[in-house]
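Single-structure report; data block below.
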Amino acid sequence: MGAIAFPKPNTDIMLHRSKIIEGLGALLPADSIITSEDERRPYETDAFTAYRNMPLAVVLPRTTQEVSQILRYCHTHSVPVVPRGAGTSLAGGAIPQEDAIVIGISKMSQILEIDYDNRFARVQAGVTNLAVTGAVSHEGFFYAPDPSSQMACTIGGNVGMNSGGAHCLKYGVTTNNLLGVKMVLLDGTIIDVNGAAYDAPGFDFLGLICGSEGQIGIVTEITVRILPSSEGARPVLFGFETSEAAGEAVAAIIASGIIPVAMEFMDKQAIEICEAFAHAGYPLDVEALLIIEVEGSSLEMDSTLAKIIKIAKAHGVKTVRESKTALETAAIWKGRKSAFGATGRIADYICMDGTIPTGQLPFVLKRIDEIVKSYGLRVANVFHAGDGNLHPLILYNVNDPVEARKAEEAGNDILRLCVEVGGCLTGEHGVGIEKRDLMNVQFNSQDLEQQMRVRGVFDPQWLMNPAKVFPLEGRVTA
Amino acid sequence: MAHLETSENAPSSEAELSALIIKSHAEKIPLKIEGGSTRDGLGRPFQAERSLSMRNLSGITLYEPSEMIIGAKAGTPLRDIEAALNEKGQMFAFEPMDHRALLGSKGEPTIGAIAATNASGPRRIVAGAARDSLVGVRFVNGRGDIIKNGGRVMKNVTGLDLVKLQAGAFGTLGVLSEVIFKVLPKPETTATLSYKNLGDIQAVQMMAKAQGSPYEVTAAAHLTAGLGRDISRSFIRIEGFEDSVAYRLGELRRILSKFGEPNELRGDDGARLWTGIRDVEFLLEPRDTMVWRICVKPTDAPILIKELQAQLSFTHYFDWGGGLIWLSCDNQSLDAAKLIRLAAVKFQGHARLERAPLELRASLDVFQPLSAPLMKLTAGIKKSFDPASILNSGRMYAGI
């Protein structure tokens with residue numbers, strides 16, 4: 001690949017590398033700074049592996065104070081910084097540039113406070129998503145946003161990207177589950193944005209920070225809402241003979257007043273890939289599969305499922321299979337959540353993340369198929385059907401530069417299509433570098449300039465994760 | 001301040017709105033943005049040379065019930081939108097508060113003002129505030145640029161989230177021209193359990209227990225003795241399909257048995273109660289009091305109240321399981337106001353003066369003052385949207 005450009009490294013900074021390392025070294029314990037080439041290599045890229053750059057150095061602070069000192073130093077010396085959680089971004093959000101310091105938050109992994117009466121947890125930014133649920137599940141609570149990478153990804157990274165997951169149809173995405181953050185500004189100033197109370201006063205800084213992709217500050221502590229777990233949850237598999245029928249069933253379920261906790265869609269290609277990997281009992285003789293999960297007591301689940309099954313039958317469902325045991329439930333979700341990993345076993349892929357109005361599903365699925373075929377490639381579709389967040393996986397061979405370029409172009413065509421039908425470029429993965437050059441498709445220059453002016457309040461010099469989100473041309477500098 | 005309304009200050013298109021603001025920006029003419037004018041009494045009194053009426057920017061622009069999305073021009077009366085939603089069995093999940101009773105105002109609240117004031121009600125504890133349902137905006141900034149952000153899909157992380165910044169900015173960061181919200185199906189059945197004679201502390205414990213259970217409580221409030229009845233009443237609301245509601249009512253009665261035997265409210269009685277709690281109807285009279293809206297973490301609410309009672313006399317009740325304190329105090333002195341705000345700050349919460357005479361609102365911060373670095377960022381953000389400071393400037397904070 002290589003169609004996406006990075007800003008030209010600042011040679012002045014490159015020349016002063018050893019001095020910068022010395023300066024940062026004076027602020028941190030020796031084991032918190034990584035300078036050797038071998039040890040820097042894991043930080044070259046994230047889960048958008050087609051692009052990589054060796055950073056100047058990597059620092060791994062343990063405290064908010066250390067983050068503050070690092071940022072103050074970088075600000076004073078005009079050194080770009082790239083914040084990094086677990087490096088699971090599919091959009092290249094954590095890919096560094098050669099003249100940048102990577103600030104990794106992995107050593108900030110303490111859970112600081114859990115309050116069940118008030119239903120929140122306060123954690124350091126490097127705590128993994130699943131660890132929050134892990135820390136509260138014995139009391140019957142959980143943290144709702146559940147990106148597929150939840151074993152590894154950090155809450156700090158989730159805030160950076162406003163991550164979603166399979167269950168956000170009912171529970172919302174990260175921004176809906178945040179109560180407060182502690183954040184360090186580029187000049188080292190530490191700010192507290194709200195705490196454990198509802199409705200932060202003043203402008204909605206929490207809303208602005210969430211999803212700002214590391215461009216306006218580094219979040220070091222986060223207060224999240226924790227929710228009581230339901231009495232039970234049961235996923236059911238619904239196999240359909242066409243994607244259209246599956247899409248219509250989804251619309252009819254919502255119109256009936258039922259909001260299932262999750263409604264996941266897979267096409268035939270995805271079903272085959274995931275079944276081969278997870279042995280979840282997915283039906284192989286259908287064109288489209290819906291995994292619909294309901295929650296509550298068994299009586300409530302029976303009742304809701306009866307309503308859903310009735311609707312599915314009215315839309316010609318071919319197979320209905322309920323999970324009968326916890327083991328089956330786990331297998332069903334394992335298949336869905338490992339869709340990306342399982343796909344990676346059979347081919348390289350790029351994962352798209354556009355969202356579309358759900359009414360456009362049949363048309364868009366048909367067009368995706370046509371687009372990808374026109375490039376001579378294959379596609380597997382898995383997505384969150386309830387909210388229209390698509391994840392077409394375009395399969396290709398990373399070692400074939402022509403095919404790689406085609407995959408990237410097919411992906412861009414799909415994202416343009418998402419915007420054309422009234423949707424957006426990214427539903428939960430973020431813009432990163434991947435979608436940066438498509439921002440002009442969704443926004444006009446005035447839209448982008450307003451966003452950049454807000455960004456400029458925090459970082460007028462473009463030092464914070466500067467290669468990301470906004471096209472390199474037409475940037476507003478003050 | 002009386003304003004003459006002419007077509008010139010009541011634009012009927014986004015383009016006219018933009019032209020008007022470009023002119024005001026060039027001439028540095030401060031504008032007061034008017035929706036239904038039902039919340040004029042909320043916020044700092046501020047000077048504006050001209051009013052800008054949104055009344056001609058009205059109408060539903062998009063409604064897709066199966067996608068749970070509705071969009072409308074900002075001046076659309078909320079009443080019209082709720083009627084359209086109702087027809088399809090849907091609703092705004094955040095239960096927008098109506099300020100008319102509290103502020104003694106007339107007119108029709110507009111959908112733009114719901115977004116601009118982030119007005120929410122009892123269901124906020126599970127469904128989030130207005131800002132959590134707002135998925136897209138179009139607005140005109142202080143330069144006259146027409147800007148869009150977010151969109152009509154409910155999952156969207158493309159670029160900076162200016163939708164959230166506009167929500168609750170009271171028109172200081174732009175004139176909203178169109179807003180798009182996600183909506184939810186209306187519940188088939190609603191039931192409320194009412195517990196008697198609990199003190200503040202016990203009531204918050206009861207509400208925490210209920211909200212921490214798997215039984216999906218959608219509202220939790222506590223009315224102190226003297227508000228509507230001579231005994232205190234604490235309420236838990238659940239909603240959904242009839243069989244599920246019946247099951248959860250039973251389970252809640254069981255796990256809350258130590259708090260006594262509750263009454264059950266259904267139908268209109270329950271609906272009226274929650275509207276009353278939402279709209280602060282229990283503190284309307286006497287009208288010559290100041291009314292505060294205080295947010296703290298729920299278990300701190302009874303402690304804050306107890307400490308404040310040692311210094312002041314007032315009437316209060318809790319919504320949001322204790323997370324929202326409504327407080328009415330007939331001592332309308334600056335000193336009393338300071339005590340209330342200090343108490344909120346002591347418990348890491350915040351307080352907004354929701355109803356007070358103009359003189360009082362002019363002499364203290366109506367909105368919770370922010371830390372110095374946050375105030376600096378606030379000023380920077382204001383400038384980035386509205387460099388000449390012409391849009392509702394001063395409504396939230398002096399100079400903003």
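Note on naming: chains are A, B, ... as they come in the structure tokens, residues start from 1 per chain, ligands start from 1 in the order shown.
For Val286 (chain A), the set of protein, DNA and RNA residues having any atom at most 8 Å away, when counting only C-alpha atoms and skipping those fewer than 5 positions along the same chain, is Gly239, Phe240, Glu241, Thr242, Lys268 and Lys318 of chain A.
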Region 386-392 of chain B surroundings by only C-alpha atoms, 7 Å radius, close-in-sequence under 4 positions cut, as an MDAnalysis selection string: chainID B and resid 25 28:33 141:143 171:174 382
Contacts of Gly267 (chain B) within 12 Å, only C-alpha atoms, excl. fewer than 6 positions in-chain, as a ChimeraX atom specification: /B:187-192,237,239,273-274
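The gap separating CA of Leu198 (chain B) from CA of Glu285 (chain B) is 23.6 Å, in Å to one decimal.
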Contacts of region 119-133 of chain A within 6 Å, only C-alpha atoms, excl. fewer than 2 positions in-chain, as a count of residues only: 31
Expected answer as a ChimeraX atom specification: strand (DSSP E or B) residues in region 175-397 of chain A: /A:178-184,190-193,218-225,227-228,233-240,262-267,288-295,319-322,348-351,355,378-384,389-396
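Checking A:Met161, A:Ala385, A:Met301, A:Ala331 one by one against Ala276 (chain A), counting only C-alpha atoms, you find the shortest gap at A:Ala331.
Take the candidates A:Ala196, A:Ala330, A:Leu463, A:Leu305 and check each one against chain B using only C-alpha atoms; the shortest distance goes to A:Ala196.
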Nearest-residue call for chain A, choices B:Val280, B:Ile114, B:Ala246, B:Ala343, using only C-alpha atoms: B:Ala246
As a compact mmCIF listing (two decimals) with C-alpha atoms, in the first residue's frame, please: the residues near region 287-293 of chain B (cut-off 12 Å, only C-alpha atoms, same-chain neighbours under 6 positions excluded).
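The result, stored in out00.txt:
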```txt
# COMPACT_ATOMS: atom_id res chain seq x y z
CA TYR A 198 -24.50 13.51 36.09
CA ASP A 199 -24.50 16.32 33.52
CA PRO A 201 -21.41 21.75 33.94
CA GLY B 41 -35.74 33.14 32.73
CA LEU B 42 -33.02 30.49 32.73
CA GLY B 43 -29.42 31.68 32.65
CA ALA B 101 -44.52 25.88 34.99
CA LEU B 102 -41.35 26.60 36.93
CA LEU B 103 -40.48 29.80 35.11
CA GLY B 104 -44.06 30.95 34.65
CA ARG B 278 -39.67 16.21 35.73
CA ASP B 279 -41.06 19.75 35.65
CA VAL B 280 -40.39 20.60 39.33
CA GLU B 281 -44.12 21.06 39.93
CA ALA B 301 -27.27 13.93 48.29
CA SER B 313 -34.12 26.47 55.62
CA PHE B 314 -35.41 25.14 52.31
CA THR B 315 -37.57 22.51 50.64
CA HIS B 316 -36.08 19.82 48.46
CA TYR B 317 -36.63 16.56 46.61
CA PHE B 318 -34.50 14.05 44.73
CA ASP B 319 -34.70 12.78 41.19
CA TRP B 320 -32.18 10.47 39.46
CA GLY B 322 -30.47 11.25 44.46
CA GLY B 323 -28.18 12.35 41.62
CA LEU B 324 -30.37 15.41 41.07
CA ILE B 325 -31.47 17.58 43.97
CA TRP B 326 -34.19 20.16 43.38
CA LEU B 327 -34.05 22.76 46.11
CA SER B 328 -36.25 25.77 46.80
CA CYS B 329 -35.11 28.40 49.30
CA ASP B 330 -37.12 31.45 50.35
CA ASN B 331 -34.01 33.23 51.56
CA GLN B 332 -33.00 34.79 48.26
CA SER B 333 -29.88 36.48 49.56
CA LEU B 334 -26.48 36.24 47.96
CA ALA B 336 -27.74 31.83 50.94
CA ALA B 337 -26.86 31.27 47.29
CA LYS B 338 -23.19 31.04 48.17
CA LEU B 339 -23.87 28.43 50.84
CA ILE B 340 -25.74 26.27 48.35
CA ARG B 341 -23.04 26.49 45.75
CA ALA B 343 -22.15 22.66 49.37
CA ALA B 344 -22.33 21.39 45.79
CA GLY B 349 -20.93 18.26 42.24
CA HIS B 350 -22.36 21.32 40.60
CA ALA B 351 -25.31 23.63 41.02
CA ARG B 352 -27.34 25.75 38.63
CA LEU B 353 -29.72 28.50 39.69
CA GLU B 354 -32.82 27.39 37.82
CA ARG B 355 -35.30 30.05 38.96
CA ALA B 356 -34.55 33.40 40.55
CA PRO B 357 -35.36 37.05 40.08
CA LEU B 358 -33.35 38.88 37.47
CA GLU B 359 -31.38 40.89 40.05
CA LEU B 360 -30.13 37.75 41.76
CA ARG B 361 -29.23 36.10 38.46
CA VAL B 366 -26.16 31.08 37.44
CA PHE B 367 -24.11 28.22 35.99
CA GLN B 368 -21.49 26.41 38.02
```
Counting only C-alpha atoms, the option among B:Ala219, B:Ile400, B:Ala169, B:Met54 closest to chain A: B:Ala169
Using only C-alpha atoms: which of A:Ile273, A:Ile394, A:Ala200, A:Val59 has the shortest distance to chain B: A:Ala200
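You will find CA of Ala91 (chain A) at 4.9 Å from CA of Gly432 (chain A).
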Residue neighbourhood Asn149 (chain B), 7 Å, only C-alpha atoms, exclusion window fewer than 3 positions, as a short mmCIF file (atom, residue, chain, number, x, y, z; two decimals) with C-alpha atoms, in the first residue's frame:
```
data_model
loop_
_atom_site.label_atom_id
_atom_site.label_comp_id
_atom_site.auth_asym_id
_atom_site.auth_seq_id
_atom_site.Cartn_x
_atom_site.Cartn_y
_atom_site.Cartn_z
CA GLY B 136 -26.80 15.25 14.29
CA VAL B 137 -26.94 19.03 14.01
CA ARG B 138 -26.82 21.73 11.42
CA LEU B 162 -19.41 19.13 17.76
CA VAL B 163 -22.93 17.77 18.29
#
```
Spatial neighbours of Ile147 (chain B), max dist 10 Å, only C-alpha atoms, sep filter under 5 positions, as a PyMOL selection string: (chain A and resi 443-451) or (chain B and resi 137-141+162+174+176-177)
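Of the listed residues A:Glu44, A:Glu213, A:Glu37, A:Asp285, the one whose atoms come nearest to chain B is A:Glu213, with distances taken using only C-alpha atoms.
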Helix (DSSP H, G or I) call set, DSSP backbone run, region 32-204 of chain A, as a PyMOL selection string: chain A and resi 32+37-43+64-76+129-139+155-161+168-171+174-177
